[in-house]
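Undergrad: Compact mmCIF, C-alpha atoms, file model33.txt:
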```
# COMPACT_ATOMS: atom_id res chain seq x y z
CA MET A 1 -16.54 -12.49 42.56
CA HIS A 2 -19.11 -12.00 45.31
CA PHE A 3 -21.59 -13.84 43.13
CA ILE A 4 -19.22 -16.76 42.65
CA ARG A 5 -18.47 -17.05 46.35
CA SER A 6 -22.12 -17.03 47.37
CA GLU A 7 -23.06 -20.24 49.18
CA ALA A 8 -26.66 -19.73 48.18
CA THR A 9 -25.89 -20.56 44.54
CA PRO A 10 -23.54 -23.58 44.42
CA HIS A 11 -25.09 -24.93 41.26
CA VAL A 12 -24.70 -21.64 39.43
CA ARG A 13 -21.18 -21.23 40.83
CA LYS A 14 -20.21 -24.60 39.40
CA TRP A 15 -21.39 -23.61 35.94
CA VAL A 16 -19.72 -20.19 36.11
CA MET A 17 -16.39 -21.79 37.05
CA PHE A 18 -16.85 -24.30 34.25
CA GLY A 19 -17.48 -21.41 31.85
CA ILE A 20 -14.34 -19.57 32.98
CA MET A 21 -12.26 -22.71 32.50
CA PHE A 22 -13.80 -23.23 29.09
CA LEU A 23 -12.97 -19.65 28.08
CA GLY A 24 -9.41 -20.02 29.39
CA ILE A 25 -8.85 -23.15 27.38
CA GLY A 26 -10.25 -21.37 24.35
CA VAL A 27 -7.88 -18.41 24.75
CA ILE A 28 -4.86 -20.70 25.17
CA ALA A 29 -5.91 -22.75 22.18
CA GLY A 30 -6.29 -19.56 20.16
CA GLN A 31 -2.79 -18.45 21.09
CA LEU A 32 -1.37 -21.82 20.16
CA ASP A 33 -3.22 -21.64 16.89
CA LEU A 34 -1.63 -18.25 16.08
CA LEU A 35 1.80 -19.51 17.06
CA ALA A 36 1.30 -22.45 14.79
CA GLN A 37 0.66 -20.07 11.89
CA ARG A 38 3.95 -18.17 12.31
CA PRO A 39 5.98 -18.84 9.17
CA GLU A 40 8.83 -21.25 9.68
CA SER A 41 12.40 -20.30 8.93
CA SER A 42 13.64 -21.82 5.68
CA PHE A 43 17.25 -21.76 6.84
CA PRO A 44 18.84 -25.05 5.73
CA HIS A 45 20.07 -26.19 9.14
CA ALA A 46 21.43 -29.40 7.68
CA LYS A 47 24.09 -27.40 5.84
CA PRO A 48 26.80 -25.29 7.41
CA GLY A 49 26.45 -21.54 7.08
CA VAL A 50 27.64 -19.95 3.89
CA THR A 51 31.29 -19.01 4.04
CA TYR A 52 32.93 -15.82 2.93
CA GLU A 53 34.44 -17.61 -0.05
CA ASN A 54 30.99 -18.65 -1.27
CA ILE A 55 29.81 -15.07 -1.76
CA PRO A 56 30.05 -14.20 -5.47
CA HIS A 57 32.55 -11.39 -5.91
CA ASP A 58 30.24 -9.65 -8.36
CA LEU A 59 27.65 -9.27 -5.61
CA ILE A 60 29.90 -6.79 -3.83
CA GLY A 61 29.43 -3.11 -4.67
CA ASN A 62 26.88 -0.34 -5.03
CA TRP A 63 23.50 -1.33 -6.42
CA LYS A 64 20.67 0.88 -7.58
CA PRO A 65 17.09 -0.37 -7.77
CA PHE A 66 15.04 0.73 -10.72
CA PRO A 67 11.55 0.61 -9.28
CA GLU A 68 8.66 0.64 -11.64
CA ASN A 69 5.62 2.69 -10.77
CA ARG A 70 3.22 -0.19 -10.21
CA ASN A 71 -0.55 -0.29 -10.02
CA CYS A 72 -1.82 1.10 -6.70
CA GLY A 73 -5.10 -0.77 -6.97
CA SER A 74 -8.00 0.75 -5.07
CA LEU A 75 -5.87 2.41 -2.36
CA LYS A 76 -6.88 5.95 -1.44
CA ASP A 77 -5.60 8.48 1.08
CA GLU A 78 -7.63 10.19 3.82
CA ARG A 79 -9.00 12.70 1.32
CA GLY A 80 -10.19 9.92 -0.94
CA THR A 81 -7.48 10.67 -3.49
CA PRO A 82 -6.08 7.57 -5.20
CA ARG A 83 -2.53 6.71 -4.17
CA GLY A 84 -0.20 7.73 -6.95
CA THR A 85 3.04 5.89 -6.25
CA CYS A 86 3.42 2.21 -5.42
CA GLN A 87 6.65 0.28 -5.67
CA TYR A 88 5.02 -3.08 -6.27
CA PRO A 89 1.72 -4.25 -7.75
CA VAL A 90 -0.68 -3.36 -4.97
CA ASP A 91 -3.59 -4.41 -7.16
CA GLN A 92 -2.20 -7.95 -6.88
CA LEU A 93 -1.50 -7.62 -3.15
CA GLU A 94 -5.09 -6.53 -2.54
CA LYS A 95 -6.26 -9.96 -3.67
CA ILE A 96 -4.54 -11.64 -0.72
CA MET A 97 -5.12 -8.99 1.96
CA ASN A 98 -7.41 -10.09 4.73
CA ASP A 99 -10.12 -7.95 6.32
CA ARG A 100 -7.74 -6.90 9.10
CA ALA A 101 -5.37 -5.42 6.53
CA ARG A 102 -8.23 -3.52 4.93
CA ALA A 103 -9.42 -2.27 8.33
CA TRP A 104 -5.92 -0.96 9.09
CA ILE A 105 -5.82 0.98 5.82
CA LYS A 106 -9.12 2.67 6.72
CA PHE A 107 -7.86 3.49 10.21
CA PHE A 108 -4.49 4.80 9.06
CA ASP A 109 -3.77 8.51 8.83
CA GLU A 110 -0.56 10.05 7.60
CA PRO A 111 0.97 11.17 10.96
CA ILE A 112 1.14 7.51 12.04
CA SER A 113 3.88 6.96 9.47
CA PRO A 114 7.29 7.07 11.23
CA LYS A 115 8.98 8.40 8.08
CA TRP A 116 7.86 11.96 8.79
CA SER A 117 10.02 11.96 11.94
CA CYS A 118 13.12 10.72 10.09
CA VAL A 119 12.78 7.04 10.98
CA SER A 120 14.59 5.16 8.23
CA GLY A 121 12.53 3.37 5.65
CA ASN A 122 11.94 -0.26 6.54
CA VAL A 123 13.90 -2.90 4.67
CA THR A 124 10.94 -3.92 2.51
CA THR A 125 10.55 -0.34 1.31
CA GLU A 126 14.23 0.36 0.87
CA LEU A 127 14.94 -2.69 -1.28
CA GLY A 128 12.76 -1.16 -3.97
CA ASP A 129 13.30 2.53 -3.31
CA ILE A 130 15.17 4.88 -5.64
CA TYR A 131 18.25 5.04 -3.42
CA MET A 132 21.45 3.05 -3.83
CA TRP A 133 22.57 0.41 -1.39
CA ASN A 134 25.88 -1.37 -0.98
CA PHE A 135 26.89 -4.99 -0.39
CA SER A 136 30.14 -5.79 1.42
CA ALA A 137 31.15 -9.00 3.18
CA THR A 138 33.09 -10.31 6.13
CA GLU A 139 33.33 -13.85 7.45
CA GLU A 140 30.47 -13.14 9.80
CA ALA A 141 28.01 -11.19 7.71
CA VAL A 142 27.13 -9.58 4.44
CA THR A 143 26.57 -5.93 5.25
CA GLN A 144 23.97 -4.05 3.24
CA VAL A 145 24.26 -0.30 3.72
CA PHE A 146 21.35 1.78 2.48
CA GLU A 147 22.05 5.31 1.32
CA GLN A 148 18.57 6.22 2.52
CA SER A 149 19.20 7.05 6.19
CA ASN A 150 22.74 5.61 5.87
CA TRP A 151 21.85 2.53 7.91
CA PRO A 152 23.65 -0.83 7.88
CA ARG A 153 21.85 -4.15 7.75
CA TYR A 154 23.79 -7.17 8.92
CA ILE A 155 22.90 -10.38 7.11
CA TYR A 156 24.58 -13.09 9.17
CA ILE A 157 26.19 -15.84 7.09
CA ASP A 158 27.95 -17.69 9.91
CA GLY A 159 25.22 -20.27 10.38
CA ARG A 160 23.43 -18.73 13.32
CA PRO A 161 19.64 -19.13 13.38
CA HIS A 162 17.15 -16.38 14.13
CA PRO A 163 16.78 -15.43 17.79
CA PRO A 164 13.70 -16.61 19.68
CA ALA A 165 10.37 -14.95 19.02
CA THR A 166 10.72 -12.99 22.25
CA GLN A 167 13.10 -10.64 20.45
CA VAL A 168 11.77 -8.31 17.77
CA PHE A 169 13.45 -5.52 15.81
CA TYR A 170 12.19 -2.74 13.54
CA GLN A 171 14.32 -4.06 10.65
CA GLY A 172 14.03 -7.69 11.72
CA HIS A 173 16.87 -10.19 12.02
CA ALA A 174 18.50 -11.32 8.78
CA ILE A 175 20.43 -14.48 7.93
CA GLY A 176 21.81 -15.47 4.54
CA TRP A 177 22.97 -18.50 2.63
CA MET A 178 23.70 -19.55 -0.93
CA ASP A 179 21.26 -21.55 -3.01
CA GLY A 180 23.28 -22.50 -6.06
CA ASP A 181 24.41 -19.18 -7.51
CA ASP A 182 21.71 -17.18 -5.74
CA PHE A 183 22.17 -15.39 -2.45
CA ILE A 184 19.18 -15.95 -0.18
CA VAL A 185 18.33 -13.62 2.69
CA GLU A 186 15.68 -14.46 5.21
CA THR A 187 14.46 -11.87 7.70
CA MET A 188 12.21 -12.59 10.66
CA ASN A 189 11.68 -11.25 14.20
CA PHE A 190 10.13 -8.03 12.93
CA ALA A 191 8.23 -5.64 15.17
CA PHE A 192 4.82 -4.40 14.09
CA ASP A 193 5.29 -1.71 11.46
CA PRO A 194 2.49 0.61 10.32
CA ASP A 195 4.31 0.98 6.99
CA GLY A 196 5.68 -2.55 6.85
CA MET A 197 5.02 -3.26 3.18
CA ASP A 198 6.13 0.17 2.10
CA ASP A 199 5.86 3.70 3.40
CA GLN A 200 3.81 4.97 0.46
CA SER A 201 0.83 2.69 0.38
CA HIS A 202 0.87 2.37 4.19
CA ILE A 203 0.09 -1.32 4.43
CA ALA A 204 1.10 -2.69 7.81
CA THR A 205 3.04 -5.84 8.64
CA SER A 206 3.24 -7.69 11.93
CA HIS A 207 5.59 -9.59 14.22
CA MET A 208 4.76 -12.66 12.10
CA LYS A 209 6.28 -11.17 8.96
CA LYS A 210 8.84 -13.29 7.18
CA GLN A 211 10.71 -11.81 4.24
CA THR A 212 12.75 -13.86 1.81
CA GLU A 213 15.02 -12.23 -0.77
CA ARG A 214 16.67 -14.02 -3.67
CA TYR A 215 19.53 -12.09 -5.29
CA LYS A 216 20.20 -13.48 -8.75
CA LEU A 217 23.06 -12.01 -10.77
CA VAL A 218 22.17 -11.64 -14.43
CA ASP A 219 25.70 -10.51 -15.24
CA LYS A 220 28.38 -8.68 -13.26
CA ASP A 221 26.52 -5.36 -13.55
CA SER A 222 22.87 -6.34 -13.24
CA MET A 223 20.78 -8.35 -10.87
CA VAL A 224 17.19 -9.37 -10.28
CA LEU A 225 15.90 -9.40 -6.73
CA THR A 226 12.82 -11.46 -5.94
CA VAL A 227 11.14 -10.61 -2.64
CA THR A 228 8.52 -12.71 -0.90
CA VAL A 229 6.66 -11.49 2.16
CA GLU A 230 4.60 -13.82 4.32
CA ASP A 231 2.50 -12.43 7.14
CA PRO A 232 -0.54 -14.45 8.24
CA ILE A 233 -1.74 -11.55 10.40
CA PHE A 234 -2.48 -9.42 7.33
CA PHE A 235 -2.16 -11.61 4.22
CA ASN A 236 -3.83 -14.87 3.32
CA GLU A 237 -0.97 -15.99 1.07
CA PRO A 238 2.70 -15.14 0.46
CA PHE A 239 3.24 -12.16 -1.83
CA THR A 240 6.12 -12.07 -4.32
CA TRP A 241 7.47 -9.34 -6.58
CA THR A 242 10.71 -8.56 -8.41
CA ILE A 243 13.06 -5.58 -8.57
CA LYS A 244 15.70 -4.94 -11.23
CA LEU A 245 19.04 -3.59 -10.04
CA LYS A 246 22.07 -2.10 -11.75
CA LYS A 247 25.59 -1.91 -10.36
CA MET A 248 26.76 1.68 -9.95
CA THR A 249 30.11 3.40 -9.87
CA THR A 250 28.52 6.53 -8.36
CA PRO A 251 29.76 6.87 -4.80
CA PHE A 252 27.49 7.37 -1.83
CA THR A 253 27.28 10.96 -0.62
CA GLY A 254 28.09 9.39 2.74
CA GLU A 255 25.76 11.57 4.75
CA TRP A 256 22.12 11.57 5.61
CA PHE A 257 21.15 14.54 7.69
CA CYS A 258 17.46 14.44 8.48
CA ASP A 259 15.54 17.03 10.45
CA PRO A 260 12.25 15.82 12.02
CA ASP A 261 11.16 19.44 12.33
CA VAL A 262 11.35 19.82 8.54
CA GLY A 263 9.59 16.51 8.00
CA LEU A 264 6.72 17.35 10.34
CA HIS A 265 6.27 20.80 8.79
CA HIS A 266 6.05 19.09 5.42
CA LEU A 267 3.51 16.60 6.78
CA TYR A 268 1.22 19.00 8.60
CA SER A 269 1.23 21.66 5.89
CA THR A 270 0.00 19.17 3.32
CA ALA A 271 -1.92 16.34 5.02
CA PRO A 272 -5.49 16.70 6.32
CA GLN A 273 -6.18 17.07 10.03
CA ARG A 274 -8.21 14.02 10.93
CA TYR A 275 -8.27 14.53 14.70
CA LYS A 276 -9.13 17.94 16.12
CA ASP A 277 -7.07 17.38 19.29
CA ASP A 278 -3.88 16.64 17.34
CA LYS A 279 -1.60 19.17 19.00
CA LEU A 280 1.17 18.53 16.49
CA PHE A 281 -1.08 19.94 13.78
CA GLU A 282 -1.27 23.34 15.46
CA LYS A 283 2.49 23.35 15.98
CA TYR A 284 3.53 22.37 12.47
CA LYS A 285 0.71 23.36 10.11
CA ASP A 286 2.64 26.32 8.66
CA MET B 1 7.51 43.03 -2.72
CA ARG B 2 4.47 41.68 -4.32
CA LEU B 3 2.76 38.37 -4.12
CA PHE B 4 1.98 36.80 -7.43
CA VAL B 5 -0.46 33.99 -7.21
CA SER B 6 -1.61 32.31 -10.34
CA VAL B 7 -3.39 29.07 -10.79
CA ALA B 8 -2.38 27.56 -14.08
CA LEU B 9 -3.51 24.60 -16.10
CA ALA B 10 -1.83 21.27 -16.39
CA GLY B 11 -0.15 22.41 -19.59
CA LEU B 12 1.98 24.83 -17.62
CA LEU B 13 3.07 21.95 -15.45
CA LEU B 14 4.49 20.26 -18.51
CA LEU B 15 6.44 23.40 -19.35
CA LEU B 16 7.84 23.61 -15.86
CA SER B 17 8.40 19.85 -15.66
CA ILE B 18 8.79 19.87 -11.89
CA PRO B 19 9.95 16.46 -10.71
CA ALA B 20 7.36 15.46 -8.18
CA LEU B 21 8.84 13.86 -5.07
CA ALA B 22 10.27 10.85 -6.79
CA HIS B 23 9.60 8.62 -3.84
CA HIS B 24 6.47 10.10 -2.32
CA SER B 25 3.02 10.26 -3.80
CA ALA B 26 3.18 13.99 -4.49
CA GLY B 27 -0.40 14.06 -5.73
CA ASN B 28 -1.65 13.02 -2.30
CA PHE B 29 -0.15 16.14 -0.71
CA TRP B 30 0.11 18.75 -3.46
CA TYR B 31 -2.08 19.92 -6.33
CA THR B 32 0.31 18.71 -8.99
CA ASP B 33 -2.02 20.04 -11.70
CA LYS B 34 -1.77 23.63 -10.39
CA ASN B 35 1.08 26.07 -10.03
CA VAL B 36 1.58 29.06 -7.78
CA GLU B 37 4.24 31.72 -8.10
CA VAL B 38 5.49 33.62 -5.05
CA GLN B 39 8.24 36.18 -4.64
CA GLY B 40 10.05 36.79 -1.40
CA THR B 41 13.24 37.06 0.57
CA VAL B 42 15.17 33.95 1.51
CA LYS B 43 15.11 33.38 5.29
CA SER B 44 16.66 29.91 5.36
CA VAL B 45 17.70 27.06 3.07
CA LYS B 46 18.25 23.53 4.36
CA ILE B 47 19.67 20.91 2.02
CA ILE B 48 18.40 18.19 4.26
CA ASN B 49 16.13 15.16 4.47
CA PRO B 50 13.46 13.95 4.27
CA HIS B 51 13.26 16.77 1.70
CA PRO B 52 15.16 20.01 1.23
CA GLU B 53 13.38 23.04 2.58
CA MET B 54 13.54 26.77 1.96
CA VAL B 55 11.63 29.44 3.88
CA ILE B 56 10.99 32.77 2.18
CA GLU B 57 9.28 35.85 3.55
CA VAL B 58 6.53 37.01 1.22
CA THR B 59 4.78 40.37 1.44
CA ASP B 60 1.29 40.51 0.00
CA ALA B 61 -0.44 43.44 -1.70
CA ASN B 62 -1.61 44.76 1.70
CA GLY B 63 1.93 44.81 3.04
CA THR B 64 1.39 41.80 5.30
CA LYS B 65 4.43 39.58 5.66
CA ALA B 66 4.21 35.81 5.89
CA ASP B 67 6.65 32.93 5.74
CA TRP B 68 6.20 30.45 2.89
CA ARG B 69 7.71 26.99 3.25
CA ILE B 70 9.14 25.61 0.00
CA THR B 71 9.70 21.85 -0.13
CA GLY B 72 12.17 20.38 -2.58
CA GLY B 73 10.95 17.51 -4.71
CA GLY B 74 14.12 15.47 -4.24
CA ASN B 75 16.37 14.61 -1.35
CA ALA B 76 19.58 15.97 0.11
CA SER B 77 21.81 13.36 -1.55
CA GLY B 78 20.43 14.19 -4.98
CA MET B 79 20.78 17.93 -4.46
CA ILE B 80 24.35 17.55 -3.17
CA ARG B 81 25.20 15.47 -6.26
CA ALA B 82 23.65 18.23 -8.37
CA GLY B 83 25.95 20.77 -6.74
CA TRP B 84 23.64 22.41 -4.22
CA LYS B 85 25.06 23.79 -0.97
CA ASN B 86 23.39 25.54 1.91
CA GLY B 87 24.83 28.82 0.61
CA THR B 88 23.66 28.41 -2.98
CA LEU B 89 20.76 30.73 -2.22
CA PRO B 90 22.03 33.22 0.39
CA VAL B 91 19.78 34.52 3.14
CA GLY B 92 18.32 37.87 2.13
CA MET B 93 18.24 37.17 -1.61
CA LEU B 94 15.03 38.09 -3.39
CA VAL B 95 13.77 35.06 -5.29
CA LYS B 96 10.79 34.04 -7.34
CA VAL B 97 9.52 30.50 -6.76
CA VAL B 98 7.11 28.49 -8.85
CA GLY B 99 5.64 25.34 -7.36
CA HIS B 100 2.61 23.21 -6.65
CA PRO B 101 0.29 24.40 -3.85
CA SER B 102 -0.54 22.29 -0.81
CA ARG B 103 -3.80 20.38 -0.73
CA THR B 104 -4.38 21.88 2.72
CA GLU B 105 -6.44 25.02 2.26
CA GLY B 106 -4.66 28.18 3.35
CA ALA B 107 -1.28 26.53 3.86
CA LYS B 108 1.62 28.72 2.81
CA ALA B 109 3.58 25.84 1.35
CA LEU B 110 4.76 24.90 -2.12
CA LEU B 111 6.36 21.90 -3.72
CA ALA B 112 9.08 23.48 -5.83
CA GLY B 113 10.08 23.82 -8.39
CA LYS B 114 11.98 26.51 -10.15
CA VAL B 115 13.71 29.28 -8.24
CA THR B 116 14.67 32.43 -10.14
CA THR B 117 17.36 34.73 -8.73
CA PRO B 118 17.51 38.54 -9.27
CA GLU B 119 20.04 37.94 -12.07
CA GLY B 120 17.55 35.74 -13.86
CA LYS B 121 19.36 32.50 -13.08
CA VAL B 122 16.91 29.61 -12.78
CA LEU B 123 17.71 26.89 -10.25
CA ASP B 124 15.94 23.58 -9.79
CA PHE B 125 14.97 23.09 -6.15
CA SER B 126 13.93 19.54 -7.01
CA ALA B 127 17.34 18.65 -8.38
CA GLY B 128 18.32 15.05 -7.99
CA SER B 129 14.83 13.72 -7.65
CA GLY B 130 15.19 11.66 -10.80
CA PRO B 131 17.32 8.59 -11.40
CA ILE B 132 21.09 8.80 -11.00
CA ASP B 133 22.82 8.89 -14.38
CA GLU B 134 26.02 6.97 -14.91
```
Can you present the structure in this file as structure tokens?
TA:
Amino acid sequence: MHFIRSEATPHVRKWVMFGIMFLGIGVIAGQLDLLAQRPESSFPHAKPGVTYENIPHDLIGNWKPFPENRNCGSLKDERGTPRGTCQYPVDQLEKIMNDRARAWIKFFDEPISPKWSCVSGNVTTELGDIYMWNFSATEEAVTQVFEQSNWPRYIYIDGRPHPPATQVFYQGHAIGWMDGDDFIVETMNFAFDPDGMDDQSHIATSHMKKQTERYKLVDKDSMVLTVTVEDPIFFNEPFTWTIKLKKMTTPFTGEWFCDPDVGLHHLYSTAPQRYKDDKLFEKYKD
Amino acid sequence: MRLFVSVALAGLLLLLSIPALAHHSAGNFWYTDKNVEVQGTVKSVKIINPHPEMVIEVTDANGTKADWRITGGGNASGMIRAGWKNGTLPVGMLVKVVGHPSRTEGAKALLAGKVTTPEGKVLDFSAGSGPIDE
């Protein structure tokens, strides 16, 4: 600042100020450019919200995903061991990952994953996990309760839009509507999640993530779920995969006790120590 | 008590058919192609998430005692459905456990696996890790 204020260099000062203004305009333009890339909500505002009566009765009940063990592509863990379990075709996802997504995977180490401390699996993971989930409905929302972590997801069907971008949530904000016979769920307003695509392959998603689910009943006891994730921070194109589900009569156990102490012992007695000053490693390694 | 440690071939794995953490990539954390057998006294059993856990006290050939942490391959819901309770293996019982060793060198941790009681009863500490049958 002393340099800028100097009266001995008015010509230089003029050019420095011009440079600062130029940089400022560039930063603002960059922000606007990012905002412009945030996926738009597909909510059909022209129509009223779906009503309780529109929800197919057969949609209500306990559903169990039957995830296939898909191709993990070139993903490796910190030891260089290939990833062994992927819920969706990561080899296909890799084709649309940008360099930022690849850089995150190299940076990631296992303790970053919130799952080891009993944080529930994110909604993208849980839709294709091995655990049951349940659909029930009220006039306001379809409630989706996941047996994993026993957490409820409210999918609002009363016509409300998503909240402004200032509000973000770990599981996002979900709204639903009918498209013919299919139930559509759109989730936005996510917070950054180091395991956003799933908590096995550890591919992150950002605040710009938009997830669209299409629940299509095949018959009263089976369903196909098509999930599309858009996230211009990490992926160059939308990514879509399908999950087969079967209706279950098995009841939930109704409890999900989770002990972070057990989880962290499990983590630190099996994962490599990447950082020597990781105090948690000393505490939980045995 | 004695510590039995044996590294077996993948064929033994097939015989044991230990369900390997249905959700997690077990191979990234455990040597799923190796098996270790330990014998010790039950100190605690938690039918809990993210994975059930049992701690047993193992005494090696030199008489040195150490706690081994045994991780179940499934989850609490699956084990509860399979009939497990916290008292299924009482504290103080002498058990033999077969499981996969940790990829972390020197860690006293196993992914189990089969648990054999003094009466010869074999229990699956990874119960419920597979799909739910209807």
Undergrad: Let me have the centre and edge lengths of the axis-aligned box enclosing all listed atoms of stretch 81-92 of chain B with 3 Å padding on every side, in Å to one decimal, as lines of an AutoDock Vina configuration file.
TA:
```
center_x = 22.1
center_y = 26.7
center_z = -2.6
size_x = 13.6
size_y = 28.4
size_z = 17.5
```
Undergrad: Between B:Trp68, B:Tyr31, B:Trp84, B:Phe125, which residue has the minimum interatomic distance to B:Lys43, considering all atoms listed in the file?
TA: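 Of B:Trp68, B:Tyr31, B:Trp84, B:Phe125, the one nearest B:Lys43, counting all atoms listed in the file, is B:Trp68.
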Undergrad: Can you check which residues of chain B have any atom within 8 Å of chain A? Use all atoms listed in the file and format it as a list in words.
TA: Ala22, His23, His24, Ser25, Ala26, Gly27, Asn28, Phe29, Trp30, Ile48, Asn49, Pro50, His51, Glu53, Trp68, Arg69, Thr71, Ala76, Ser77, Ile80, Arg81, Ser102, Arg103, Thr104, Ala107, Lys108, Ala109, Pro131 and Glu134 of chain B
Undergrad: Could you jot down the atom CA of A:Met208 to atom CA of A:Pro194 separation for me, Å, one decimal place?
TA: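 Interatomic distance here is 13.6 Å.
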Undergrad: Which residues are close to A:Pro152, i.e. within 12 Å by all atoms listed in the file, leaving aside same-chain residues fewer than 6 positions away? Reply as a ChimeraX atom specification.
TA: /A:120,122-123,126,133-136,141-146,171,174
Undergrad: Using all atoms listed in the file, I'd like a table of the residues in stretch 37-134 of chain A that come within 8 Å of stretch 236-243 of chain A; for each, show the closest atom pair and its distance in Å rounded to one decimal, ordered by chain and ascending number, as a Markdown table.
TA:
```
| residue | atom | partner | partner_atom | distance |
| --- | --- | --- | --- | --- |
| A:Pro65 | CA | A:Ile243 | CA | 6.6 |
| A:Phe66 | CA | A:Ile243 | CA | 7.0 |
| A:Pro67 | CA | A:Ile243 | CA | 6.4 |
| A:Tyr88 | CA | A:Trp241 | CA | 6.7 |
| A:Pro89 | CA | A:Trp241 | CA | 7.8 |
| A:Leu93 | CA | A:Phe239 | CA | 6.7 |
| A:Ile96 | CA | A:Asn236 | CA | 5.2 |
| A:Met97 | CA | A:Asn236 | CA | 6.2 |
| A:Asn98 | CA | A:Asn236 | CA | 6.1 |
| A:Gly128 | CA | A:Ile243 | CA | 6.4 |
```
Undergrad: Please indicate the distance in Å from atom CA of A:Lys216 to atom CA of A:Val168, rounded to one decimal place.
TA: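 Answer for the atom CA of A:Lys216 to atom CA of A:Val168 separation: 28.3 Å.
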Undergrad: Using atom CA of B:Val115 and atom CA of B:Lys65 as the two end points, give the distance in Å to one decimal.
TA: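 Computing it gives 19.6 Å between the two atoms.
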Undergrad: Restricting the calculation to only C-alpha atoms, which member of B:Met79, B:Leu111, B:Val97, B:Leu123 is positioned closest to B:Glu57?
TA: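 Distance minimum relative to B:Glu57 lands on B:Val97.
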Undergrad: Using only C-alpha atoms, can you list as a list in words the residues within 6 Å of (10.4, -13.0, 0.0)?
TA: Gln211, Thr212, Glu213, Val227, Thr228 and Val229 of chain A
Undergrad: Go ahead and save the residues from that selection, with C-alpha atoms, as a JSON list (two decimals), keeping the file's coordinate frame.
TA:
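The result, stored in part36.json:
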```
[["chain", "number", "residue", "atom", "x", "y", "z"],
["A", 211, "GLN", "CA", 10.71, -11.81, 4.24],
["A", 212, "THR", "CA", 12.75, -13.86, 1.81],
["A", 213, "GLU", "CA", 15.02, -12.23, -0.77],
["A", 227, "VAL", "CA", 11.14, -10.61, -2.64],
["A", 228, "THR", "CA", 8.52, -12.71, -0.90],
["A", 229, "VAL", "CA", 6.66, -11.49, 2.16]]
```
Undergrad: Looking at all atoms listed in the file, which of A:Gly73, A:Pro232, A:Gly176, A:Pro163 is the one that sits closest to A:Arg38?
TA: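 Of all the options, A:Pro232 lies closest to A:Arg38.
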Undergrad: Would you list the residues near (6.5, -13.9, 8.5), meaning any protein, DNA or RNA residue with an atom at most 9 Å from that point in file coordinates, counting all atoms listed in the file, as a CSV table (one decimal) with C-alpha atoms, in the coordinates of the input?
TA:
```
chain,number,residue,atom,x,y,z
A,38,ARG,CA,4.0,-18.2,12.3
A,39,PRO,CA,6.0,-18.8,9.2
A,40,GLU,CA,8.8,-21.2,9.7
A,41,SER,CA,12.4,-20.3,8.9
A,187,THR,CA,14.5,-11.9,7.7
A,188,MET,CA,12.2,-12.6,10.7
A,189,ASN,CA,11.7,-11.2,14.2
A,190,PHE,CA,10.1,-8.0,12.9
A,205,THR,CA,3.0,-5.8,8.6
A,206,SER,CA,3.2,-7.7,11.9
A,207,HIS,CA,5.6,-9.6,14.2
A,208,MET,CA,4.8,-12.7,12.1
A,209,LYS,CA,6.3,-11.2,9.0
A,210,LYS,CA,8.8,-13.3,7.2
A,211,GLN,CA,10.7,-11.8,4.2
A,229,VAL,CA,6.7,-11.5,2.2
A,230,GLU,CA,4.6,-13.8,4.3
A,231,ASP,CA,2.5,-12.4,7.1
A,232,PRO,CA,-0.5,-14.4,8.2
A,233,ILE,CA,-1.7,-11.6,10.4
A,238,PRO,CA,2.7,-15.1,0.5
```
Undergrad: If we count all atoms listed in the file and set the cut-off at 12 Å, which residues sit around A:Ala137, ignoring sequence neighbours fewer than 4 positions away in its own chain? Please answer as number ranges by chain.
TA: A: 50-61, 141-145, 153-158, 176
Undergrad: With all atoms listed in the file as the atoms that count, which of B:Val38, B:Leu110, B:Val55, B:Val45 lies nearest to B:Gly87?
TA: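 Using all atoms listed in the file, the shortest distance to B:Gly87 belongs to B:Val45.
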Undergrad: So which one's closest to B:Thr41, B:Pro101, B:Gly72, B:Pro118, B:Gly113? Using all atoms listed in the file, please.
TA: B:Pro118
Undergrad: Which residue, B:Gly73, B:Glu105, B:Thr117, B:Gly99, has the smallest gap to B:Ile47 when you use only C-alpha atoms?
TA: B:Gly73
